[in-house]
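Trainee: Have a look at this one before I ask anything.
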Amino acid sequence: MDDRLTEIDEDQGGELPAVVGQTSGGGRKVFVRTFGCQMNVYDSERMTEALAGEGYAATGAIEEADLVILNTCHIREKAAEKVYSDLGRLRVLKQERAAAGSDTVVAVVGCVAQAEGAEIVRRAPVVDLVIGPQSYHRLPELIVRTRAESRSLVETEFPEEEKFAHLPHRAPARAVTAFLTVQEGCDKFCTFCVVPYTRGMEYSRAVADIEREARALVESGVREVTLLGQNVNGYHGAGPGGRTYSLADLVHRLARIDGLERLRYTTSHPRDMSDDLIAAHADEPKLMPYLHLPFQAGSDRILAAMNRKHTAREYVDLARRIRSARPDLALSTDVIVGFPGESEDEFAETLAVFAEVGFAAAFSFKYSPRPGTPAEKLADQVPEDVKTERLARLQEVIDRHQRTFSASCVGRTLPVLFERLGRHEGQLIGRSPFLQGVHAEAPPELIGKIVPVEISSFGPNSLAGVIRPE
């Protein structure tokens, strides 16, 4: 399992920022804060859509919200404590609103909710609802119950009914790119990972349901769809005629949708990188030449202790096979430093894999124990100062590789899908095929269009360029 879908929220502290919706007048209002990964972003959007049918409008002003949802992630260190910190501020806000005659329902949803359960209500009585990630389709019903019964409710069972069947049709998209969950959960049981315990076993949605949702997104203006799953390349959904579809089959089918210009998927496990999926990178022009494929560590002993089920050499050989199919493919990865028992020589093996493969980008993490996971109980935990020093050395290597890849794009003309207005007047921001941010001077009517841009320079997080005629 690869639990680390790219994280989108750092520990921000202070006021609670909204990430879903804008202030809207009239009726009841909901404020959603999303922690964690792209799948949580998708889940927040789906919850907001479900609540719209119950008369809730999304708001960016937490002080006017009748319902506040914290959609939580358990991947980052001290994730639960960050939630409790926010709940302390929400307690004050709820009291202030009550004094003014307004009720506020507070819901904690997602992986921290699943992991902590009733402990959240015990520690933070301000919370009215605790709902696991497999039950958020019941949110409207549970809101009614908690109000009627005047008590907190905890719903962290893994329900038998399929949650996607109970969610409303997708609302019109507000952007030209969108996430679409096709698979959830994981059966790999990496020893450092909480996902099998918070998201459950692997489940793949039916092809027809995914295609229906993708078509609705495209009809509302989406041009690029990223298929999501904790172990997305393990997808095995029911397809037409009773045939089981692989992720490659699904990609090819979705690529036939008129108006859908680009496809991506994340996050993958090396053990499930099948021959047909590798071939799809060569054969399907709508599948972007970018792949996030975590290897986590370069030591075979550490990989075995992680229960990763692959060796360092197998990963390197797999990367070579993928690049043989798609030579321009940009590869990114996840790396954990300081796993219990990791020696200096074993950390050096991680650096060696990084150097041999040559990643365009990477996400690096210090190992931190997750309650209930096997690695939490391992002896020989690496001292914090050693983990910090190794992470700094690894990050230097990552930054150097990223700069090298960005520099290689300068002078090239890349097709850029423009997504939104930039910070400066007359500027648009989009994405290259390699998922890099690109900004250029362009008129607003090019939002949603794929335009050739000659890359002129690069910075730490983006490329700059000039539009060229096709």
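Just so we're on the same page: first chain in the structure tokens is A, next is B, and so on; residues restart at 1 for each chain, and ligands are numbered from 1 in the order they show up.
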Can you tell me, as an mmCIF file with C-alpha atoms, in the first residue's frame, which residues in region 252-406 of chain A count as strand (DSSP E) by DSSP?

Mentor:
data_model
loop_
_atom_site.group_PDB
_atom_site.id
_atom_site.type_symbol
_atom_site.label_atom_id
_atom_site.label_comp_id
_atom_site.auth_asym_id
_atom_site.auth_seq_id
_atom_site.Cartn_x
_atom_site.Cartn_y
_atom_site.Cartn_z
ATOM 1 C CA ARG A 262 -5.789 14.589 -19.886
ATOM 2 C CA LEU A 263 -5.692 11.677 -17.434
ATOM 3 C CA ARG A 264 -3.494 11.080 -14.408
ATOM 4 C CA TYR A 265 -3.598 8.629 -11.500
ATOM 5 C CA THR A 266 -2.151 8.451 -7.992
ATOM 6 C CA TYR A 290 4.082 11.675 -14.937
ATOM 7 C CA LEU A 291 3.993 8.865 -12.383
ATOM 8 C CA HIS A 292 4.123 8.977 -8.600
ATOM 9 C CA ALA A 330 8.810 12.159 -15.075
ATOM 10 C CA LEU A 331 8.936 9.980 -11.984
ATOM 11 C CA SER A 332 8.227 11.151 -8.445
ATOM 12 C CA THR A 333 8.340 9.168 -5.243
ATOM 13 C CA ASP A 334 7.968 9.027 -1.456
ATOM 14 C CA VAL A 335 10.826 8.253 0.924
ATOM 15 C CA ILE A 336 10.793 7.566 4.661
ATOM 16 C CA VAL A 337 14.004 8.164 6.617
ATOM 17 C CA ALA A 361 10.295 15.250 -7.611
ATOM 18 C CA ALA A 362 9.919 13.527 -4.258
ATOM 19 C CA PHE A 363 8.217 13.792 -0.901
ATOM 20 C CA SER A 364 10.402 12.937 2.070
ATOM 21 C CA PHE A 365 9.289 12.144 5.600
ATOM 22 C CA LYS A 366 10.816 11.304 8.934
#

Trainee: Fewer than 4 positions away in the same chain doesn't count, so skip those; otherwise give me all residues within 7 Å of Ile455 (chain A), counting only C-alpha atoms, as a ChimeraX atom specification.

Mentor: /A:409-413,463-466

Trainee: May I have the residues from that selection written out with N, CA and C atoms, as an mmCIF file, in the first residue's frame?

Mentor:
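The resulting file, part11.cif, is reproduced below:
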data_model
loop_
_atom_site.group_PDB
_atom_site.id
_atom_site.type_symbol
_atom_site.label_atom_id
_atom_site.label_comp_id
_atom_site.auth_asym_id
_atom_site.auth_seq_id
_atom_site.Cartn_x
_atom_site.Cartn_y
_atom_site.Cartn_z
ATOM 1 N N CYS A 409 13.707 21.636 -18.773
ATOM 2 C CA CYS A 409 12.505 22.086 -19.492
ATOM 3 C C CYS A 409 12.696 23.448 -20.136
ATOM 4 N N VAL A 410 13.683 24.202 -19.675
ATOM 5 C CA VAL A 410 13.913 25.540 -20.224
ATOM 6 C C VAL A 410 14.321 25.421 -21.692
ATOM 7 N N GLY A 411 13.656 26.208 -22.549
ATOM 8 C CA GLY A 411 13.904 26.150 -23.981
ATOM 9 C C GLY A 411 12.964 25.220 -24.720
ATOM 10 N N ARG A 412 12.272 24.348 -23.970
ATOM 11 C CA ARG A 412 11.304 23.449 -24.599
ATOM 12 C C ARG A 412 9.947 24.137 -24.696
ATOM 13 N N THR A 413 9.140 23.721 -25.641
ATOM 14 C CA THR A 413 7.764 24.189 -25.742
ATOM 15 C C THR A 413 6.855 23.059 -25.259
ATOM 16 N N LEU A 463 7.433 26.902 -13.329
ATOM 17 C CA LEU A 463 8.113 27.320 -14.543
ATOM 18 C C LEU A 463 7.453 28.601 -15.056
ATOM 19 N N ALA A 464 8.206 29.379 -15.811
ATOM 20 C CA ALA A 464 7.652 30.567 -16.473
ATOM 21 C C ALA A 464 7.894 30.421 -17.968
ATOM 22 N N GLY A 465 6.944 30.944 -18.745
ATOM 23 C CA GLY A 465 7.095 30.798 -20.175
ATOM 24 C C GLY A 465 6.325 31.823 -20.978
ATOM 25 N N VAL A 466 6.420 31.673 -22.293
ATOM 26 C CA VAL A 466 5.775 32.571 -23.232
ATOM 27 C C VAL A 466 4.952 31.732 -24.203
#

Trainee: Would you mind telling me which residue in A:Ile429, A:Ile450, A:Ala206, A:Val127 lies nearest to Val105 (chain A) when using only C-alpha atoms?

Mentor: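 The shortest atom-to-atom distance to Val105 (chain A) comes from A:Val127.
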
Trainee: What is the CA of Arg97 (chain A)-CA of Val144 (chain A) distance in Å, reported with one decimal?

Mentor: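 That distance, rounded to one decimal, is 19.4 Å.
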
Trainee: Quote the spacing between CA of Glu384 (chain A) and CA of Glu81 (chain A) in Å to one decimal place.

Mentor: 18.9 Å

Trainee: Please, what distance in Å, to one decimal, runs between CA of Tyr42 (chain A) and CA of Thr181 (chain A)?

Mentor: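 Separating CA of Tyr42 (chain A) from CA of Thr181 (chain A) is a distance of 7.2 Å.
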
Trainee: If you count only C-alpha atoms, which residues fall within 9 Å of Val357 (chain A), apart from same-chain ones fewer than 5 positions away, as a PyMOL selection string?

Mentor: chain A and resi 316+319-320+331+352

Trainee: Let me make sure I understand: among A:Ala148, A:Ile210, A:Val106, A:Ala442, which one has the smallest atom-to-atom distance to Leu247 (chain A) if we use only C-alpha atoms?

Mentor: A:Ile210

Trainee: Give me, as a VMD selection string, all polymer residues having an atom no more than 8 Å from Arg308 (chain A), counting only C-alpha atoms and skipping those fewer than 2 positions away in the same chain.

Mentor: chain A and resid 1 188 190 303 to 306 310

Trainee: Given only C-alpha atoms as the basis, pick out the residue of A:Gln427, A:Ser456, A:Thr350, A:Ser85 nearest to Pro444 (chain A).

Mentor: A:Gln427

Trainee: Find the residues near Phe434 (chain A): any atom within 8 Å, counting only C-alpha atoms, skip ones fewer than 2 places away on the same chain, and give them as a list in words.

Mentor: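 In the requested format, the answer is Met288, Pro289, Tyr290, Leu329, Ala330, Arg431, Ser432 and Gln436 of chain A.
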
Trainee: From the list A:Gly36, A:Pro196, A:Gly239, A:Gly185, which residue is nearest Cys73 (chain A) when using only C-alpha atoms?

Mentor: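 Residue with the minimum atom-to-atom distance to Cys73 (chain A): A:Gly36.
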
Trainee: Considering only alpha helix (DSSP H) as DSSP defines it on the backbone, what residues of region 136-286 of chain A qualify? List them as an mmCIF file with N, CA and C atoms, in the first residue's frame.

Mentor:
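Saved to part33.cif:
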data_model
loop_
_atom_site.group_PDB
_atom_site.id
_atom_site.type_symbol
_atom_site.label_atom_id
_atom_site.label_comp_id
_atom_site.auth_asym_id
_atom_site.auth_seq_id
_atom_site.Cartn_x
_atom_site.Cartn_y
_atom_site.Cartn_z
ATOM 1 N N LEU A 139 -23.865 11.655 6.420
ATOM 2 C CA LEU A 139 -23.746 12.923 7.130
ATOM 3 C C LEU A 139 -25.080 13.656 7.277
ATOM 4 N N PRO A 140 -25.874 13.849 6.219
ATOM 5 C CA PRO A 140 -27.146 14.565 6.400
ATOM 6 C C PRO A 140 -28.062 13.896 7.421
ATOM 7 N N GLU A 141 -28.146 12.574 7.358
ATOM 8 C CA GLU A 141 -28.987 11.831 8.306
ATOM 9 C C GLU A 141 -28.481 11.987 9.731
ATOM 10 N N LEU A 142 -27.173 11.920 9.916
ATOM 11 C CA LEU A 142 -26.598 12.005 11.262
ATOM 12 C C LEU A 142 -26.727 13.412 11.843
ATOM 13 N N ILE A 143 -26.710 14.430 11.001
ATOM 14 C CA ILE A 143 -26.935 15.794 11.493
ATOM 15 C C ILE A 143 -28.334 15.906 12.089
ATOM 16 N N VAL A 144 -29.308 15.376 11.383
ATOM 17 C CA VAL A 144 -30.685 15.401 11.884
ATOM 18 C C VAL A 144 -30.776 14.662 13.218
ATOM 19 N N ARG A 145 -30.122 13.514 13.321
ATOM 20 C CA ARG A 145 -30.187 12.719 14.553
ATOM 21 C C ARG A 145 -29.533 13.417 15.734
ATOM 22 N N THR A 146 -28.346 14.006 15.499
ATOM 23 C CA THR A 146 -27.662 14.638 16.634
ATOM 24 C C THR A 146 -28.442 15.833 17.151
ATOM 25 N N ARG A 147 -29.125 16.549 16.254
ATOM 26 C CA ARG A 147 -29.983 17.654 16.700
ATOM 27 C C ARG A 147 -31.197 17.140 17.461
ATOM 28 N N ALA A 148 -31.829 16.097 16.918
ATOM 29 C CA ALA A 148 -33.061 15.581 17.531
ATOM 30 C C ALA A 148 -32.795 14.943 18.885
ATOM 31 N N GLU A 149 -31.668 14.247 19.000
ATOM 32 C CA GLU A 149 -31.374 13.502 20.221
ATOM 33 C C GLU A 149 -30.507 14.294 21.195
ATOM 34 N N VAL A 195 -3.618 3.127 6.868
ATOM 35 C CA VAL A 195 -4.725 3.126 5.911
ATOM 36 C C VAL A 195 -5.607 1.878 5.978
ATOM 37 N N PRO A 196 -5.062 0.650 6.080
ATOM 38 C CA PRO A 196 -5.965 -0.499 6.164
ATOM 39 C C PRO A 196 -6.917 -0.432 7.362
ATOM 40 N N TYR A 197 -6.522 0.298 8.401
ATOM 41 C CA TYR A 197 -7.335 0.392 9.610
ATOM 42 C C TYR A 197 -8.312 1.566 9.558
ATOM 43 N N THR A 198 -7.994 2.600 8.765
ATOM 44 C CA THR A 198 -8.871 3.769 8.690
ATOM 45 C C THR A 198 -9.719 3.800 7.424
ATOM 46 N N VAL A 207 -16.907 0.335 -13.238
ATOM 47 C CA VAL A 207 -16.504 1.163 -14.375
ATOM 48 C C VAL A 207 -17.627 2.108 -14.789
ATOM 49 N N ALA A 208 -18.852 1.613 -14.845
ATOM 50 C CA ALA A 208 -19.973 2.437 -15.295
ATOM 51 C C ALA A 208 -20.176 3.645 -14.399
ATOM 52 N N ASP A 209 -20.018 3.460 -13.089
ATOM 53 C CA ASP A 209 -20.192 4.578 -12.158
ATOM 54 C C ASP A 209 -19.084 5.606 -12.333
ATOM 55 N N ILE A 210 -17.865 5.134 -12.524
ATOM 56 C CA ILE A 210 -16.744 6.050 -12.723
ATOM 57 C C ILE A 210 -16.921 6.821 -14.023
ATOM 58 N N GLU A 211 -17.297 6.119 -15.086
ATOM 59 C CA GLU A 211 -17.465 6.775 -16.381
ATOM 60 C C GLU A 211 -18.578 7.809 -16.327
ATOM 61 N N ARG A 212 -19.660 7.476 -15.623
ATOM 62 C CA ARG A 212 -20.773 8.431 -15.487
ATOM 63 C C ARG A 212 -20.303 9.707 -14.782
ATOM 64 N N GLU A 213 -19.529 9.536 -13.725
ATOM 65 C CA GLU A 213 -19.035 10.700 -12.992
ATOM 66 C C GLU A 213 -18.044 11.491 -13.830
ATOM 67 N N ALA A 214 -17.184 10.806 -14.566
ATOM 68 C CA ALA A 214 -16.215 11.493 -15.417
ATOM 69 C C ALA A 214 -16.913 12.297 -16.506
ATOM 70 N N ARG A 215 -17.948 11.724 -17.114
ATOM 71 C CA ARG A 215 -18.674 12.438 -18.162
ATOM 72 C C ARG A 215 -19.354 13.685 -17.594
ATOM 73 N N ALA A 216 -19.906 13.576 -16.396
ATOM 74 C CA ALA A 216 -20.545 14.735 -15.772
ATOM 75 C C ALA A 216 -19.530 15.840 -15.516
ATOM 76 N N LEU A 217 -18.331 15.468 -15.090
ATOM 77 C CA LEU A 217 -17.285 16.465 -14.866
ATOM 78 C C LEU A 217 -16.906 17.161 -16.168
ATOM 79 N N VAL A 218 -16.737 16.378 -17.211
ATOM 80 C CA VAL A 218 -16.351 16.957 -18.502
ATOM 81 C C VAL A 218 -17.450 17.879 -19.028
ATOM 82 N N GLU A 219 -18.691 17.472 -18.877
ATOM 83 C CA GLU A 219 -19.797 18.309 -19.340
ATOM 84 C C GLU A 219 -19.856 19.648 -18.617
ATOM 85 N N LEU A 247 -6.680 -1.029 -14.112
ATOM 86 C CA LEU A 247 -6.560 0.422 -14.233
ATOM 87 C C LEU A 247 -6.250 0.814 -15.675
ATOM 88 N N ALA A 248 -5.432 0.014 -16.365
ATOM 89 C CA ALA A 248 -5.136 0.309 -17.766
ATOM 90 C C ALA A 248 -6.413 0.275 -18.603
ATOM 91 N N ASP A 249 -7.252 -0.731 -18.378
ATOM 92 C CA ASP A 249 -8.527 -0.810 -19.098
ATOM 93 C C ASP A 249 -9.369 0.434 -18.831
ATOM 94 N N LEU A 250 -9.416 0.842 -17.568
ATOM 95 C CA LEU A 250 -10.209 2.011 -17.193
ATOM 96 C C LEU A 250 -9.674 3.265 -17.860
ATOM 97 N N VAL A 251 -8.360 3.431 -17.871
ATOM 98 C CA VAL A 251 -7.753 4.596 -18.512
ATOM 99 C C VAL A 251 -8.131 4.655 -19.991
ATOM 100 N N HIS A 252 -7.999 3.533 -20.684
ATOM 101 C CA HIS A 252 -8.325 3.514 -22.104
ATOM 102 C C HIS A 252 -9.807 3.854 -22.339
ATOM 103 N N ARG A 253 -10.683 3.361 -21.466
ATOM 104 C CA ARG A 253 -12.113 3.633 -21.648
ATOM 105 C C ARG A 253 -12.420 5.118 -21.401
ATOM 106 N N LEU A 254 -11.875 5.677 -20.334
ATOM 107 C CA LEU A 254 -12.136 7.089 -20.041
ATOM 108 C C LEU A 254 -11.525 7.999 -21.100
ATOM 109 N N ASP A 275 1.957 -4.999 -16.550
ATOM 110 C CA ASP A 275 2.460 -4.805 -17.911
ATOM 111 C C ASP A 275 1.506 -3.959 -18.744
ATOM 112 N N ASP A 276 0.191 -4.190 -18.584
ATOM 113 C CA ASP A 276 -0.748 -3.427 -19.410
ATOM 114 C C ASP A 276 -0.787 -1.958 -19.008
ATOM 115 N N LEU A 277 -0.522 -1.659 -17.729
ATOM 116 C CA LEU A 277 -0.484 -0.263 -17.297
ATOM 117 C C LEU A 277 0.781 0.419 -17.807
ATOM 118 N N ILE A 278 1.900 -0.292 -17.777
ATOM 119 C CA ILE A 278 3.131 0.260 -18.342
ATOM 120 C C ILE A 278 2.933 0.536 -19.832
ATOM 121 N N ALA A 279 2.294 -0.405 -20.532
ATOM 122 C CA ALA A 279 2.039 -0.222 -21.961
ATOM 123 C C ALA A 279 1.118 0.963 -22.220
ATOM 124 N N ALA A 280 0.179 1.210 -21.304
ATOM 125 C CA ALA A 280 -0.747 2.339 -21.479
ATOM 126 C C ALA A 280 -0.004 3.667 -21.513
ATOM 127 N N HIS A 281 1.094 3.757 -20.785
ATOM 128 C CA HIS A 281 1.884 4.987 -20.813
ATOM 129 C C HIS A 281 2.505 5.217 -22.182
ATOM 130 N N ALA A 282 2.720 4.149 -22.930
ATOM 131 C CA ALA A 282 3.243 4.289 -24.283
ATOM 132 C C ALA A 282 2.137 4.502 -25.301
ATOM 133 N N ASP A 283 0.982 3.877 -25.075
ATOM 134 C CA ASP A 283 -0.057 3.806 -26.103
ATOM 135 C C ASP A 283 -1.143 4.868 -25.984
#
